[in-house]
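Enquirer: Below are the structure tokens for one structure; questions will follow.
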Amino acid sequence: MASKPGPLTGWPWEKLGNFKYLLLSPLVIKAVHTNFLGGQETDNISLLLLLLAATRYLHNQLWISISRYQNARSKRQIQSKSIHFEQVDRERSWDDYILMYTFMFILVHAYIPGASNLPLWNTKGLPVIFLAHIGPSEFVYYWAHRALHHHFLYNRYHSHHHSSFVTEPITSVVHPFAEHLMYAAMFSIAPLATVVTKTASLGLTFAYLIWFDFMNNMGHCNFEFVPSWAFKIFPPLKFLMYTPSFHSLHHSQVHTNFCLYMPLYDYLYGTADKSSETLYETAWKGRKEKVDLVYLTHATSLLSFFHLRFGFASFAAKPYSTKWYMWILWPISNAIMIFLWLFGRTFTSEKNRLNDLHLQTWVIPRYTFQYFMPSERARINKLLEDSILEAEKKEAKVINLGLLNQSEELNGGGELFLKRHKNLKIRMVDGSTLAAAVVLNSIPSETREVFMCGVTSKIGSAILSLLSERGVSIQLLTESRDQLDQMKSTVPSQFQHNIIPVSSYQAGKNCKIWIVGRWVSRKDQMKAPKGALFIPFLPFPIPRTRKDCTYYSTPAMRVPANLENVHTCENWLPRRVMSAWRVGGMVHAIQGWNYHECGQTMNTADINKVWEAALKHGFLPFNTSPAQLQLAF
């Protein structure tokens, strides 16, 4: 909101939330009746307006995705400062303007003479709409924009837009309702000029609006892509078309570069920022990229692809969960999966900074189910190996294999790569040590008895070993004698008496603490006593089916406030909470430890060291009781 919100700041349908789309239902009914039920509408305007609204929505979403993707991978990023959750929330309802313009078109079509029954195209309207735009529209907008920067109007309206220092494409349309009404009047000048001169057409009007959206999105995309050769070939172009860096200065300097899309009026009236050309040249040349830590990840389910940073912004800013309306995108999800399967290469999805530590997140173009396919192992290992070598080439200190490396059958927990490349300078880390530390420190200190299942990973073995050394009685669910012997072999002989083998979940009926490393069904959870605490050490959450029990998250920690550019949630975790595997890589890089932390075994002596280092650098426990949480904060 603006610092001192004025009248008509909020949108009329603001309280409707996502139900605002129901306002289009009369238009949908009219379009269906006209096209499928034998109704009459001479120019089929209902269907055309719906198609225009859908096109504008998709066009904007494409810009959002492209911009976020380019800002993560491109060296031509303009502003390197952070985007925060507050900005994502503020810009969540960016599509309000599409509804407003749809309603406005309905009124114009109904009440403006000559605005109905238009032809699909009329070439004579091109010079009219062009001249009306570069003259009245640009000129009026320039002075109106300067007026909005007067402290009275700025505090009540325009400061809402300028709350976004680092812009995204959707920032361009995030304004109070009153501002949009003013813009609608100004931006209607060019299309109405074609109506007055009887050169109007639906195709030209719609094309003008799509071009308008294109220029709006381009100016706020925060990466430079207008080629320098264009200005060398035609020098006057700098007066006729702005660049993303030109408009970026308006958001950073505030009282310069007021133009709509043509800097001409800024140069005429002396408001063009003197550093505009310098910033453009710097952004186009690109900045030298630095990376200290690379975190490798992948999409989980098919629909989770849209939860990546360059998917749906507001969706990615909340913990991942499958919504019913997301299933509409199932065909697109399958198409993306097939494309990535056939042609996908590892790509950068996120950049963060923690003090002097530069972090990047790289996405392996595979989904969780593909990691369990024997036929895919060689291809996935090749993607992982190429990523390790690429990170080393970029002089990264640490590559965090994280959750990608949990399957020992895939590459021996990373040992395959160490054997192939014995002279690696980059340190390979999977974060399992911190994940084990998080679980161990989540268990109440007074615990004397636990029930454990799914102890087949090195994390489970480490937890089993250290709990037994604490004197905790462990009822261990095992499937065979061989598995029991394997688990016991990781525990010092003098503590093995604390391990009690059991063969069913029924054995945990009296244990208040369940430590689980496998998917536990609803039926199995019912064996736990009322008030039981479920603590998972597996990377995926278990279903929360008991209302009378407490469920802890998968191993995770809250990140420090100075970890920059965090505005999406990691999978199902809340805001500014990251998996312990991911945090483990950060801690390893910050500490500068010069050893690999991967493989099929874990050094339990390192668990306390890693835990204390994480706390020292501002990472906080996430799995805590409300009372403990209150004390922590």
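Following the order of the structure tokens, first chain is A, next is B, and so on, with residues numbered from 1 inside each chain and ligands from 1 in the order they appear.
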Env of Ser553 in chain A: 8 Å cut, atoms = only C-alpha atoms, seq-sep filter 5 positions within chain, self excluded. Answer as a list in words.

Expert: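 The filter keeps Ile535, Pro536, Pro541, Leu573 and Asn623 of chain A.
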
Enquirer: Just asking: which residues within range 419-571 of chain A are alpha helix (DSSP H) according to DSSP, as JSON, numbers by chain?

Expert: {"A": [419, 420, 432, 433, 434, 435, 436, 437, 438, 439, 440, 458, 459, 460, 461, 462, 463, 464, 465, 466, 467, 468, 469, 481, 482, 483, 484, 485, 486, 487, 488, 522, 523, 524, 525]}

Enquirer: Which polymer residues have any atom within 10 Å of an atom of range 10-18 of chain A, counting only C-alpha atoms, with same-chain residues fewer than 4 positions away left out, as an MDAnalysis selection string?

Expert: chainID A and resid 1 5:6 22:23 93 96:97 99:100 175:178 180

Enquirer: In Å, rounded to a single decimal, give me how far CA of Phe187 in chain A is from CA of Ile112 in chain A.

Expert: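 Taking CA of Ile112 in chain A as the start and CA of Phe187 in chain A as the end point, the length is 16.0 Å.
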
Enquirer: Go through A:Val429, A:Ile364, A:Ala283, A:Leu434 and flag the residue nearest Ile78 in chain A, using only C-alpha atoms for the distances.

Expert: A:Ala283

Enquirer: Report, in Å to a single decimal, how far apart CA of Ala436 in chain A and CA of Arg558 in chain A are.

Expert: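 For CA of Arg558 in chain A relative to CA of Ala436 in chain A, the distance reads 16.0 Å.
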
Enquirer: Just give me the gap between CA of Glu281 in chain A and CA of Val226 in chain A in Å, one decimal is fine.

Expert: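 Between these atoms lies a distance of 10.6 Å.
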
Enquirer: From the set A:Val566, A:Leu538, A:Leu279, A:Val291, which residue has the shortest atom-to-atom contact distance to Ser245 in chain A, counting only C-alpha atoms?

Expert: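 Looking only at the distances to Ser245 in chain A, the closest residue turns out to be A:Leu279.
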
Enquirer: Residues near Tyr505 in chain A, anyone? I mean within 8 Å using only C-alpha atoms, not counting same-chain ones fewer than 6 positions away, as a compact mmCIF listing (two decimals) with all heavy atoms, in the first residue's frame.

Expert:
```txt
# COMPACT_ATOMS: atom_id res chain seq x y z
N LEU A 477 12.43 -51.18 14.29
CA LEU A 477 11.65 -52.00 13.37
C LEU A 477 12.55 -52.42 12.21
O LEU A 477 13.08 -51.58 11.48
CB LEU A 477 10.44 -51.22 12.84
CG LEU A 477 9.55 -51.95 11.83
CD1 LEU A 477 8.90 -53.18 12.46
CD2 LEU A 477 8.48 -51.01 11.28
N ASP A 524 -0.57 -47.39 9.93
CA ASP A 524 0.57 -47.59 10.82
C ASP A 524 0.64 -46.48 11.87
O ASP A 524 1.01 -46.74 13.03
CB ASP A 524 1.87 -47.63 10.01
CG ASP A 524 1.94 -48.84 9.09
OD1 ASP A 524 1.35 -49.88 9.47
OD2 ASP A 524 2.55 -48.74 8.02
N LYS A 527 -1.10 -46.79 15.25
CA LYS A 527 -0.53 -47.60 16.32
C LYS A 527 0.13 -46.74 17.38
O LYS A 527 0.35 -47.19 18.51
CB LYS A 527 0.51 -48.56 15.73
CG LYS A 527 0.00 -49.47 14.60
CD LYS A 527 -0.99 -50.48 15.10
CE LYS A 527 -1.24 -51.58 14.07
NZ LYS A 527 -1.60 -51.10 12.73
```

Enquirer: Neighbours of Gln600 in chain A within 9 Å (only C-alpha atoms; same-chain residues fewer than 3 positions away dropped), as a list of chain:residue names?

Expert: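 My list of contacting residues is A:Glu408, A:Gly412, A:Gly413, A:Gly414, A:Glu415, A:Ser457, A:Lys458.
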
Enquirer: At a cut-off of 12 Å, using only C-alpha atoms, what residues contact Ser163 in chain A? Leave out same-chain residues fewer than 6 positions from it and give the result as number ranges by chain.

Expert: A: 1-3, 83-84, 86-91, 154-155, 157, 171-172, 174-175, 251-252, 254

Enquirer: Of the candidates A:Ala317, A:Leu410, A:Leu24, A:Leu424, which one gets nearest to Arg377 in chain A if we count only C-alpha atoms?

Expert: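 Among the listed residues, A:Leu410 lies closest to Arg377 in chain A.
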